[in-house]
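Okay, data.pdb is below, PDB, C-alpha atoms, pLDDT in the B column:
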```
ATOM      1  CA  GLY A 148     -29.014-168.407-153.873  1.00 45.00           C
ATOM      2  CA  SER A 149     -28.792-171.784-152.205  1.00 52.00           C
ATOM      3  CA  HIS A 150     -26.285-174.363-153.347  1.00 54.00           C
ATOM      4  CA  GLU A 151     -27.280-177.574-155.122  1.00 56.00           C
ATOM      5  CA  SER A 152     -27.098-180.899-153.277  1.00 60.00           C
ATOM      6  CA  ASP A 153     -27.500-183.103-156.375  1.00 62.00           C
ATOM      7  CA  PRO A 154     -24.117-183.939-158.026  1.00 60.00           C
ATOM      8  CA  SER A 155     -25.787-183.948-161.456  1.00 61.00           C
ATOM      9  CA  HIS A 156     -26.013-180.146-161.158  1.00 58.00           C
ATOM     10  CA  CYS A 157     -22.241-180.040-161.640  1.00 58.00           C
ATOM     11  CA  THR A 158     -22.280-182.138-164.825  1.00 64.00           C
ATOM     12  CA  TYR A 159     -21.234-180.228-167.930  1.00 65.00           C
ATOM     13  CA  GLN A 160     -21.785-181.475-171.465  1.00 70.00           C
ATOM     14  CA  TYR A 161     -19.270-180.244-174.028  1.00 72.00           C
ATOM     15  CA  ASP A 162     -20.944-179.371-177.303  1.00 75.00           C
ATOM     16  CA  PHE A 163     -18.795-179.533-180.451  1.00 78.00           C
ATOM     17  CA  SER A 164     -21.562-178.798-182.922  1.00 81.00           C
ATOM     18  CA  GLU A 165     -21.770-175.695-185.076  1.00 81.00           C
ATOM     19  CA  ASP A 166     -23.703-172.785-183.626  1.00 81.00           C
ATOM     20  CA  SER A 167     -25.243-169.756-185.302  1.00 82.00           C
ATOM     21  CA  TYR A 168     -27.783-167.014-184.811  1.00 81.00           C
ATOM     22  CA  PHE A 169     -30.181-165.172-187.084  1.00 84.00           C
ATOM     23  CA  ASP A 170     -29.212-161.572-187.886  1.00 82.00           C
ATOM     24  CA  GLU A 171     -32.476-159.630-188.172  1.00 85.00           C
ATOM     25  CA  ASP A 172     -30.826-156.703-189.975  1.00 82.00           C
ATOM     26  CA  LYS A 173     -29.118-158.792-192.655  1.00 80.00           C
ATOM     27  CA  ARG A 174     -31.879-161.423-192.687  1.00 86.00           C
ATOM     28  CA  GLU A 175     -29.343-164.243-192.667  1.00 84.00           C
ATOM     29  CA  ARG A 176     -27.802-166.765-190.303  1.00 85.00           C
ATOM     30  CA  VAL A 177     -24.390-165.867-188.902  1.00 79.00           C
ATOM     31  CA  ARG A 178     -22.030-168.581-187.694  1.00 76.00           C
ATOM     32  CA  CYS A 179     -20.597-167.975-184.233  1.00 74.00           C
ATOM     33  CA  SER A 180     -18.776-171.290-183.736  1.00 73.00           C
ATOM     34  CA  GLU A 181     -17.537-174.032-186.061  1.00 75.00           C
ATOM     35  CA  ALA A 182     -18.272-177.718-185.710  1.00 77.00           C
ATOM     36  CA  ASN A 183     -15.573-179.764-183.943  1.00 78.00           C
ATOM     37  CA  CYS A 184     -13.599-176.637-183.004  1.00 78.00           C
ATOM     38  CA  VAL A 185     -12.941-175.611-179.407  1.00 78.00           C
ATOM     39  CA  ARG A 186     -11.076-172.801-177.733  1.00 78.00           C
ATOM     40  CA  VAL A 187      -7.575-173.577-176.490  1.00 83.00           C
ATOM     41  CA  GLY A 188      -8.803-172.873-172.958  1.00 79.00           C
ATOM     42  CA  ILE A 189     -11.447-175.604-173.196  1.00 81.00           C
ATOM     43  CA  LEU A 190      -8.957-178.008-174.764  1.00 86.00           C
ATOM     44  CA  THR A 191      -6.564-177.275-171.894  1.00 87.00           C
ATOM     45  CA  GLU A 192      -9.304-178.097-169.388  1.00 84.00           C
ATOM     46  CA  LEU A 193     -10.129-181.355-171.171  1.00 86.00           C
ATOM     47  CA  MET A 194      -6.462-182.398-171.246  1.00 90.00           C
ATOM     48  CA  SER A 195      -6.222-181.751-167.519  1.00 89.00           C
ATOM     49  CA  LYS A 196      -9.412-183.612-166.573  1.00 86.00           C
ATOM     50  CA  ILE A 197      -9.176-186.557-168.968  1.00 89.00           C
ATOM     51  CA  ALA A 198      -5.453-187.092-169.567  1.00 90.00           C
ATOM     52  CA  GLU A 199      -4.103-185.386-166.407  1.00 91.00           C
ATOM     53  CA  VAL A 200      -1.794-183.334-168.616  1.00 92.00           C
ATOM     54  CA  GLU A 201      -1.298-179.711-167.572  1.00 92.00           C
ATOM     55  CA  TRP A 202      -0.578-177.051-170.197  1.00 91.00           C
ATOM     56  CA  ASP A 203       0.932-173.817-168.908  1.00 85.00           C
ATOM     57  CA  GLU A 204       0.323-170.403-170.468  1.00 78.00           C
ATOM     58  CA  THR A 205       3.360-170.700-172.746  1.00 83.00           C
ATOM     59  CA  THR A 206       2.150-174.031-174.146  1.00 89.00           C
ATOM     60  CA  GLN A 207      -1.350-172.695-174.732  1.00 85.00           C
ATOM     61  CA  ARG A 208      -0.051-169.690-176.622  1.00 81.00           C
ATOM     62  CA  ALA A 209       2.220-171.883-178.728  1.00 87.00           C
ATOM     63  CA  ILE A 210      -0.772-174.025-179.719  1.00 86.00           C
ATOM     64  CA  GLU A 211      -2.864-170.953-180.453  1.00 80.00           C
ATOM     65  CA  SER A 212      -0.128-169.500-182.660  1.00 77.00           C
ATOM     66  CA  HIS A 213      -0.407-172.545-184.957  1.00 78.00           C
ATOM     67  CA  CYS A 214      -4.157-172.175-185.444  1.00 72.00           C
ATOM     68  CA  SER A 215      -4.712-171.223-189.056  1.00 63.00           C
ATOM     69  CA  ARG A 216      -8.283-169.993-188.613  1.00 67.00           C
ATOM     70  CA  LEU A 217      -9.723-167.253-186.474  1.00 69.00           C
ATOM     71  CA  SER A 218     -12.916-167.786-184.527  1.00 69.00           C
ATOM     72  CA  PRO A 219     -15.968-166.110-186.096  1.00 72.00           C
ATOM     73  CA  SER A 220     -15.921-163.404-183.423  1.00 78.00           C
ATOM     74  CA  ARG A 221     -12.192-162.701-183.899  1.00 81.00           C
ATOM     75  CA  GLU A 222     -12.714-162.702-187.653  1.00 82.00           C
ATOM     76  CA  TRP A 223     -15.489-160.124-187.280  1.00 85.00           C
ATOM     77  CA  MET A 224     -13.309-157.901-185.069  1.00 89.00           C
ATOM     78  CA  SER A 225     -10.379-158.149-187.477  1.00 90.00           C
ATOM     79  CA  ARG A 226     -12.600-157.046-190.341  1.00 90.00           C
ATOM     80  CA  LEU A 227     -13.959-154.159-188.287  1.00 92.00           C
ATOM     81  CA  LEU A 228     -10.467-152.874-187.574  1.00 94.00           C
ATOM     82  CA  SER A 229      -9.068-153.341-191.065  1.00 93.00           C
ATOM     83  CA  GLU A 230     -11.979-152.701-193.413  1.00 93.00           C
ATOM     84  CA  ASP A 231     -13.700-149.957-191.414  1.00 94.00           C
ATOM     85  CA  ASN A 232     -10.416-148.286-190.437  1.00 94.00           C
ATOM     86  CA  MET A 233     -11.085-148.523-186.702  1.00 96.00           C
ATOM     87  CA  VAL A 234      -8.591-148.695-183.820  1.00 96.00           C
ATOM     88  CA  ASP A 235      -8.719-150.780-180.632  1.00 96.00           C
ATOM     89  CA  THR A 236      -7.669-147.973-178.271  1.00 95.00           C
ATOM     90  CA  PHE A 237      -6.507-150.239-175.453  1.00 95.00           C
ATOM     91  CA  ARG A 238      -4.237-152.371-177.640  1.00 94.00           C
ATOM     92  CA  HIS A 239      -2.982-149.264-179.443  1.00 95.00           C
ATOM     93  CA  PHE A 240      -1.651-147.696-176.242  1.00 94.00           C
ATOM     94  CA  TYR A 241      -0.695-150.919-174.419  1.00 94.00           C
ATOM     95  CA  PRO A 242       0.371-153.344-177.172  1.00 94.00           C
ATOM     96  CA  THR A 243       2.409-155.603-174.853  1.00 93.00           C
ATOM     97  CA  ALA A 244       0.050-155.672-171.846  1.00 94.00           C
ATOM     98  CA  GLU A 245      -0.534-159.203-170.531  1.00 92.00           C
ATOM     99  CA  GLY A 246      -3.558-160.681-168.775  1.00 92.00           C
ATOM    100  CA  ARG A 247      -5.820-157.678-169.181  1.00 94.00           C
ATOM    101  CA  TYR A 248      -9.280-159.188-169.460  1.00 94.00           C
ATOM    102  CA  THR A 249     -12.740-157.643-169.142  1.00 95.00           C
ATOM    103  CA  CYS A 250     -14.850-160.691-168.303  1.00 94.00           C
ATOM    104  CA  TRP A 251     -14.479-163.871-166.244  1.00 92.00           C
ATOM    105  CA  ASN A 252     -16.614-166.935-165.554  1.00 87.00           C
ATOM    106  CA  GLN A 253     -18.053-165.977-162.192  1.00 84.00           C
ATOM    107  CA  PHE A 254     -19.719-169.382-161.761  1.00 81.00           C
ATOM    108  CA  THR A 255     -16.299-171.048-161.480  1.00 82.00           C
ATOM    109  CA  ASN A 256     -14.491-168.117-159.779  1.00 88.00           C
ATOM    110  CA  ARG A 257     -12.033-167.644-162.636  1.00 89.00           C
ATOM    111  CA  ARG A 258     -11.522-163.969-161.853  1.00 92.00           C
ATOM    112  CA  TYR A 259      -9.407-164.814-158.819  1.00 92.00           C
ATOM    113  CA  VAL A 260      -6.790-166.581-160.936  1.00 91.00           C
ATOM    114  CA  ASN A 261      -7.305-164.106-163.803  1.00 93.00           C
ATOM    115  CA  GLU A 262      -8.425-166.584-166.433  1.00 88.00           C
ATOM    116  CA  GLY A 263     -10.782-164.555-168.574  1.00 89.00           C
ATOM    117  CA  GLY A 264     -11.370-162.991-171.934  1.00 88.00           C
ATOM    118  CA  ARG A 265     -11.310-159.486-173.365  1.00 90.00           C
ATOM    119  CA  ILE A 266     -14.723-159.224-174.963  1.00 89.00           C
ATOM    120  CA  ASP A 267     -15.459-155.549-174.222  1.00 91.00           C
ATOM    121  CA  TYR A 268     -13.738-153.053-176.506  1.00 93.00           C
ATOM    122  CA  VAL A 269     -13.516-149.327-177.104  1.00 93.00           C
ATOM    123  CA  VAL A 270     -12.894-148.732-180.799  1.00 95.00           C
ATOM    124  CA  ILE A 271     -12.585-145.395-182.541  1.00 95.00           C
ATOM    125  CA  ASP A 272     -12.226-144.171-186.096  1.00 96.00           C
ATOM    126  CA  LYS A 273      -8.535-143.943-186.983  1.00 95.00           C
ATOM    127  CA  SER A 274      -8.964-140.344-188.141  1.00 95.00           C
ATOM    128  CA  LEU A 275      -9.804-139.338-184.539  1.00 96.00           C
ATOM    129  CA  MET A 276      -6.818-141.008-182.858  1.00 94.00           C
ATOM    130  CA  GLY A 277      -4.900-137.745-182.775  1.00 92.00           C
ATOM    131  CA  ARG A 278      -7.373-136.533-180.147  1.00 93.00           C
ATOM    132  CA  VAL A 279      -7.053-139.583-177.884  1.00 93.00           C
ATOM    133  CA  GLN A 280      -4.543-139.528-175.016  1.00 91.00           C
ATOM    134  CA  ARG A 281      -2.896-142.507-173.360  1.00 91.00           C
ATOM    135  CA  GLY A 282      -2.891-141.129-169.832  1.00 87.00           C
ATOM    136  CA  GLY A 283      -1.271-142.964-166.931  1.00 85.00           C
ATOM    137  CA  ASN A 284      -0.268-146.557-166.301  1.00 86.00           C
ATOM    138  CA  LEU A 285      -2.741-149.416-166.151  1.00 89.00           C
ATOM    139  CA  ARG A 286      -4.301-150.119-162.771  1.00 88.00           C
ATOM    140  CA  CYS A 287      -2.227-152.506-160.657  1.00 88.00           C
ATOM    141  CA  GLY A 288      -4.451-153.084-157.636  1.00 85.00           C
ATOM    142  CA  VAL A 289      -2.509-150.733-155.344  1.00 79.00           C
ATOM    143  CA  GLN A 290      -3.102-147.197-154.141  1.00 67.00           C
ATOM    144  CA  ASP A 291       0.409-146.087-155.089  1.00 63.00           C
ATOM    145  CA  GLN A 292       0.559-146.375-158.876  1.00 61.00           C
ATOM    146  CA  ASN A 293       4.270-145.510-159.000  1.00 68.00           C
ATOM    147  CA  VAL A 294       5.152-149.110-159.834  1.00 75.00           C
ATOM    148  CA  GLY A 295       6.781-148.474-163.201  1.00 80.00           C
ATOM    149  CA  GLU A 296       5.366-148.829-166.678  1.00 83.00           C
ATOM    150  CA  ASN A 297       7.022-152.190-167.373  1.00 90.00           C
ATOM    151  CA  TYR A 298       5.569-153.765-164.237  1.00 91.00           C
ATOM    152  CA  ALA A 299       2.086-152.442-165.070  1.00 91.00           C
ATOM    153  CA  LEU A 300       2.171-154.459-168.304  1.00 92.00           C
ATOM    154  CA  THR A 301       2.841-157.812-166.592  1.00 93.00           C
ATOM    155  CA  GLU A 302       0.408-160.614-165.753  1.00 92.00           C
ATOM    156  CA  THR A 303       1.259-160.190-162.065  1.00 92.00           C
ATOM    157  CA  ALA A 304       0.060-156.593-162.149  1.00 92.00           C
ATOM    158  CA  ALA A 305      -3.067-157.642-164.051  1.00 94.00           C
ATOM    159  CA  LEU A 306      -3.916-160.274-161.402  1.00 94.00           C
ATOM    160  CA  ARG A 307      -3.474-157.733-158.621  1.00 93.00           C
ATOM    161  CA  ALA A 308      -5.732-155.267-160.434  1.00 92.00           C
ATOM    162  CA  THR A 309      -8.344-157.947-161.099  1.00 93.00           C
ATOM    163  CA  THR A 310      -8.552-158.976-157.431  1.00 93.00           C
ATOM    164  CA  ALA A 311      -7.859-155.569-155.802  1.00 92.00           C
ATOM    165  CA  ASN A 312      -4.542-157.017-154.650  1.00 91.00           C
ATOM    166  CA  GLY A 313      -6.303-160.002-153.076  1.00 91.00           C
ATOM    167  CA  GLN A 314      -9.068-158.003-151.367  1.00 92.00           C
ATOM    168  CA  TYR A 315     -11.770-159.474-153.630  1.00 91.00           C
ATOM    169  CA  GLN A 316     -12.319-163.056-152.541  1.00 88.00           C
ATOM    170  CA  PRO A 317     -14.083-165.869-154.468  1.00 88.00           C
ATOM    171  CA  ALA A 318     -17.617-166.855-153.616  1.00 83.00           C
ATOM    172  CA  SER A 319     -18.060-170.004-151.570  1.00 77.00           C
ATOM    173  CA  PHE A 320     -19.404-173.003-153.460  1.00 71.00           C
ATOM    174  CA  GLY A 321     -21.622-173.512-150.429  1.00 70.00           C
ATOM    175  CA  GLY A 322     -23.948-170.794-151.720  1.00 68.00           C
ATOM    176  CA  ASP A 323     -22.912-167.860-149.528  1.00 71.00           C
ATOM    177  CA  GLY A 324     -22.664-165.477-152.479  1.00 76.00           C
ATOM    178  CA  LEU A 325     -20.130-162.739-153.172  1.00 81.00           C
ATOM    179  CA  GLN A 326     -18.668-160.651-150.393  1.00 81.00           C
ATOM    180  CA  VAL A 327     -19.388-156.941-150.055  1.00 87.00           C
ATOM    181  CA  PRO A 328     -16.086-155.189-150.859  1.00 87.00           C
ATOM    182  CA  SER A 329     -14.513-152.794-148.380  1.00 90.00           C
ATOM    183  CA  LYS A 330     -14.196-149.084-149.137  1.00 90.00           C
ATOM    184  CA  THR A 331     -10.430-149.580-149.456  1.00 89.00           C
ATOM    185  CA  ALA A 332     -10.965-152.170-152.173  1.00 89.00           C
ATOM    186  CA  LEU A 333     -13.563-150.026-153.944  1.00 88.00           C
ATOM    187  CA  ASP A 334     -11.233-147.033-153.990  1.00 87.00           C
ATOM    188  CA  LEU A 335      -8.699-149.006-156.052  1.00 85.00           C
ATOM    189  CA  GLN A 336     -10.854-148.649-159.161  1.00 85.00           C
ATOM    190  CA  PHE A 337     -10.194-144.901-159.145  1.00 84.00           C
ATOM    191  CA  GLY A 338      -6.961-143.207-160.117  1.00 81.00           C
ATOM    192  CA  GLU A 339      -5.183-141.176-162.751  1.00 81.00           C
ATOM    193  CA  PRO A 340      -7.170-140.922-166.012  1.00 84.00           C
ATOM    194  CA  HIS A 341      -5.966-143.404-168.592  1.00 85.00           C
ATOM    195  CA  THR A 342      -7.100-145.184-171.741  1.00 86.00           C
ATOM    196  CA  GLY A 343      -7.124-148.516-169.950  1.00 88.00           C
ATOM    197  CA  MET A 344      -9.478-150.526-167.732  1.00 91.00           C
ATOM    198  CA  ILE A 345     -11.433-149.709-164.587  1.00 90.00           C
ATOM    199  CA  TYR A 346     -11.724-152.800-162.401  1.00 91.00           C
ATOM    200  CA  THR A 347     -15.171-152.684-160.828  1.00 91.00           C
ATOM    201  CA  PRO A 348     -15.782-155.286-158.070  1.00 91.00           C
ATOM    202  CA  PRO A 349     -17.164-158.782-158.798  1.00 90.00           C
ATOM    203  CA  LEU A 350     -20.297-157.962-156.791  1.00 88.00           C
ATOM    204  CA  PHE A 351     -21.266-155.445-159.464  1.00 88.00           C
ATOM    205  CA  SER A 352     -20.808-157.680-162.521  1.00 86.00           C
ATOM    206  CA  ASP A 353     -18.714-160.421-164.105  1.00 85.00           C
ATOM    207  CA  HIS A 354     -17.578-157.720-166.561  1.00 90.00           C
ATOM    208  CA  ILE A 355     -15.612-154.551-165.877  1.00 90.00           C
TER     209      ILE A 355
END
```

For this file, produce the structure as structure tokens.
Amino acid sequence: GSHESDPSHCTYQYDFSEDSYFDEDKRERVRCSEANCVRVGILTELMSKIAEVEWDETTQRAIESHCSRLSPSREWMSRLLSEDNMVDTFRHFYPTAEGRYTCWNQFTNRRYVNEGGRIDYVVIDKSLMGRVQRGGNLRCGVQDQNVGENYALTETAALRATTANGQYQPASFGGDGLQVPSKTALDLQFGEPHTGMIYTPPLFSDHI
């Protein structure tokens, strides 16, 4: 679509109020965010814009490690895994993988710096895990996947996979839209079978 010429279009209002939704099956309201609580990522953005203080990834993780409460969504996932005896297959096979997200804010082009969230999961009953195979290394954004298992677990490899090694480019804020990826870039989503992630291009979706 066309870009906006009015600066007010870029104004964002942070909302620190509690939010919830009505669960039709349970016939009750379910809280999805607490009042006066924000994600570390949002707090990092506020510190940068208001106080001109930059928090790197290490600082953000240190702050997050001192949070005593899980978000409602994380709390729900934790209960699913523990109480229902389910397994997050990706984390099971790649417990130390860094920067492997499944969704990015496409409006602000966060995919191209790999600032996202892992909100899409494949979970399986623990009793069936004996039939699940790990397969090859995680995608690293290159045709030759012989990069070594340790490298495939790094944030550098994750960024390369996310951007097809720089072949996916961010959309212009002038309203030009997303580029059509080349066949070479598209081919990078295919490779050896693995219980990992397939990085479809941004033109298809803001999820993979």

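Considering the residues A:Pro219, A:Gly282, A:Pro242, A:Gly188 and counting only C-alpha atoms, Gly338 (chain A) has its shortest atom-to-atom contact with A:Gly282.
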
Return as a compact mmCIF listing (two decimals) with C-alpha atoms, in the coordinates of the input the set of residues that the PyMOL selection byres ((chain A and resi 330-334) around 9) yields on the displayed structure.
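Produced file expr28.txt, reproduced below:
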```txt
# COMPACT_ATOMS: atom_id res chain seq x y z
CA GLY A 288 -4.45 -153.08 -157.64
CA GLN A 290 -3.10 -147.20 -154.14
CA THR A 310 -8.55 -158.98 -157.43
CA ALA A 311 -7.86 -155.57 -155.80
CA ASN A 312 -4.54 -157.02 -154.65
CA GLN A 314 -9.07 -158.00 -151.37
CA TYR A 315 -11.77 -159.47 -153.63
CA PRO A 328 -16.09 -155.19 -150.86
CA SER A 329 -14.51 -152.79 -148.38
CA LEU A 335 -8.70 -149.01 -156.05
CA GLN A 336 -10.85 -148.65 -159.16
CA PHE A 337 -10.19 -144.90 -159.15
CA GLY A 338 -6.96 -143.21 -160.12
CA THR A 347 -15.17 -152.68 -160.83
CA PRO A 348 -15.78 -155.29 -158.07
```

Closest to Cys214 (chain A) among A:Val234, A:Leu228, A:Leu306, A:Cys184, using all atoms listed in the file?
A:Cys184

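Distances from A:Thr309, A:Gln326, A:Asn284, A:Gln253 to Phe237 (chain A) were compared using all atoms listed in the file, and the smallest one belongs to A:Asn284.
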
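Residue nearest His341 (chain A), chosen from A:Ser225, A:Gln280, A:Asn256, A:Asn183 and counting all atoms listed in the file: A:Gln280.
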
For Val187 (chain A), the closest of A:Thr205, A:Ser319, A:Glu211, A:Glu171 counting all atoms listed in the file is A:Glu211

Enclosing box along x, y and z for every listed atom of region 253-270 of chain A, padded 4 Å each side, centre and size in Å, one decimal, as lines of an AutoDock Vina configuration file:
```
center_x = -13.3
center_y = -159.9
center_z = -169.8
size_x = 20.9
size_y = 30.3
size_z = 30.0
```

May I have the residues within 9 Å of Trp202 (chain A) as a list in words, using all atoms listed in the file and disregarding those fewer than 4 positions away in the same chain?
Thr191, Glu192, Met194, Ser195, Thr206 and Gln207 of chain A

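Note that the spacing between CA of Ala182 (chain A) and CA of Tyr161 (chain A) amounts to 12.0 Å.
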
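Excluding Ala304 (chain A) itself and same-chain residues fewer than 4 positions from it, the residues having an atom within 10 Å of it are Ala244, Glu245, Gly246, Arg247, Leu285, Arg286, Cys287, Gly288, Val289, Val294, Asn297, Tyr298, Ala299, Leu300, Ala308, Thr309 and Asn312 of chain A, counting all atoms listed in the file.
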
Create the file for the chosen residues now, containing C-alpha atoms and written as a short mmCIF file (atom, residue, chain, number, x, y, z; two decimals), in the frame of the given file.
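Wrote it out as part-v8.cif, contents follow:
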```cif
data_model
loop_
_atom_site.label_atom_id
_atom_site.label_comp_id
_atom_site.auth_asym_id
_atom_site.auth_seq_id
_atom_site.Cartn_x
_atom_site.Cartn_y
_atom_site.Cartn_z
CA ALA A 244 0.05 -155.67 -171.85
CA GLU A 245 -0.53 -159.20 -170.53
CA GLY A 246 -3.56 -160.68 -168.78
CA ARG A 247 -5.82 -157.68 -169.18
CA LEU A 285 -2.74 -149.42 -166.15
CA ARG A 286 -4.30 -150.12 -162.77
CA CYS A 287 -2.23 -152.51 -160.66
CA GLY A 288 -4.45 -153.08 -157.64
CA VAL A 289 -2.51 -150.73 -155.34
CA VAL A 294 5.15 -149.11 -159.83
CA ASN A 297 7.02 -152.19 -167.37
CA TYR A 298 5.57 -153.76 -164.24
CA ALA A 299 2.09 -152.44 -165.07
CA LEU A 300 2.17 -154.46 -168.30
CA ALA A 308 -5.73 -155.27 -160.43
CA THR A 309 -8.34 -157.95 -161.10
CA ASN A 312 -4.54 -157.02 -154.65
#
```

Target residues per the PyMOL selection byres ((chain A and resi 162) around 12), formatted as a PyMOL selection string
chain A and resi 159-161+163-166+180-186+189

Between CA of Thr236 (chain A) and CA of Tyr268 (chain A), what is the distance, to one decimal in Å?
8.1 Å
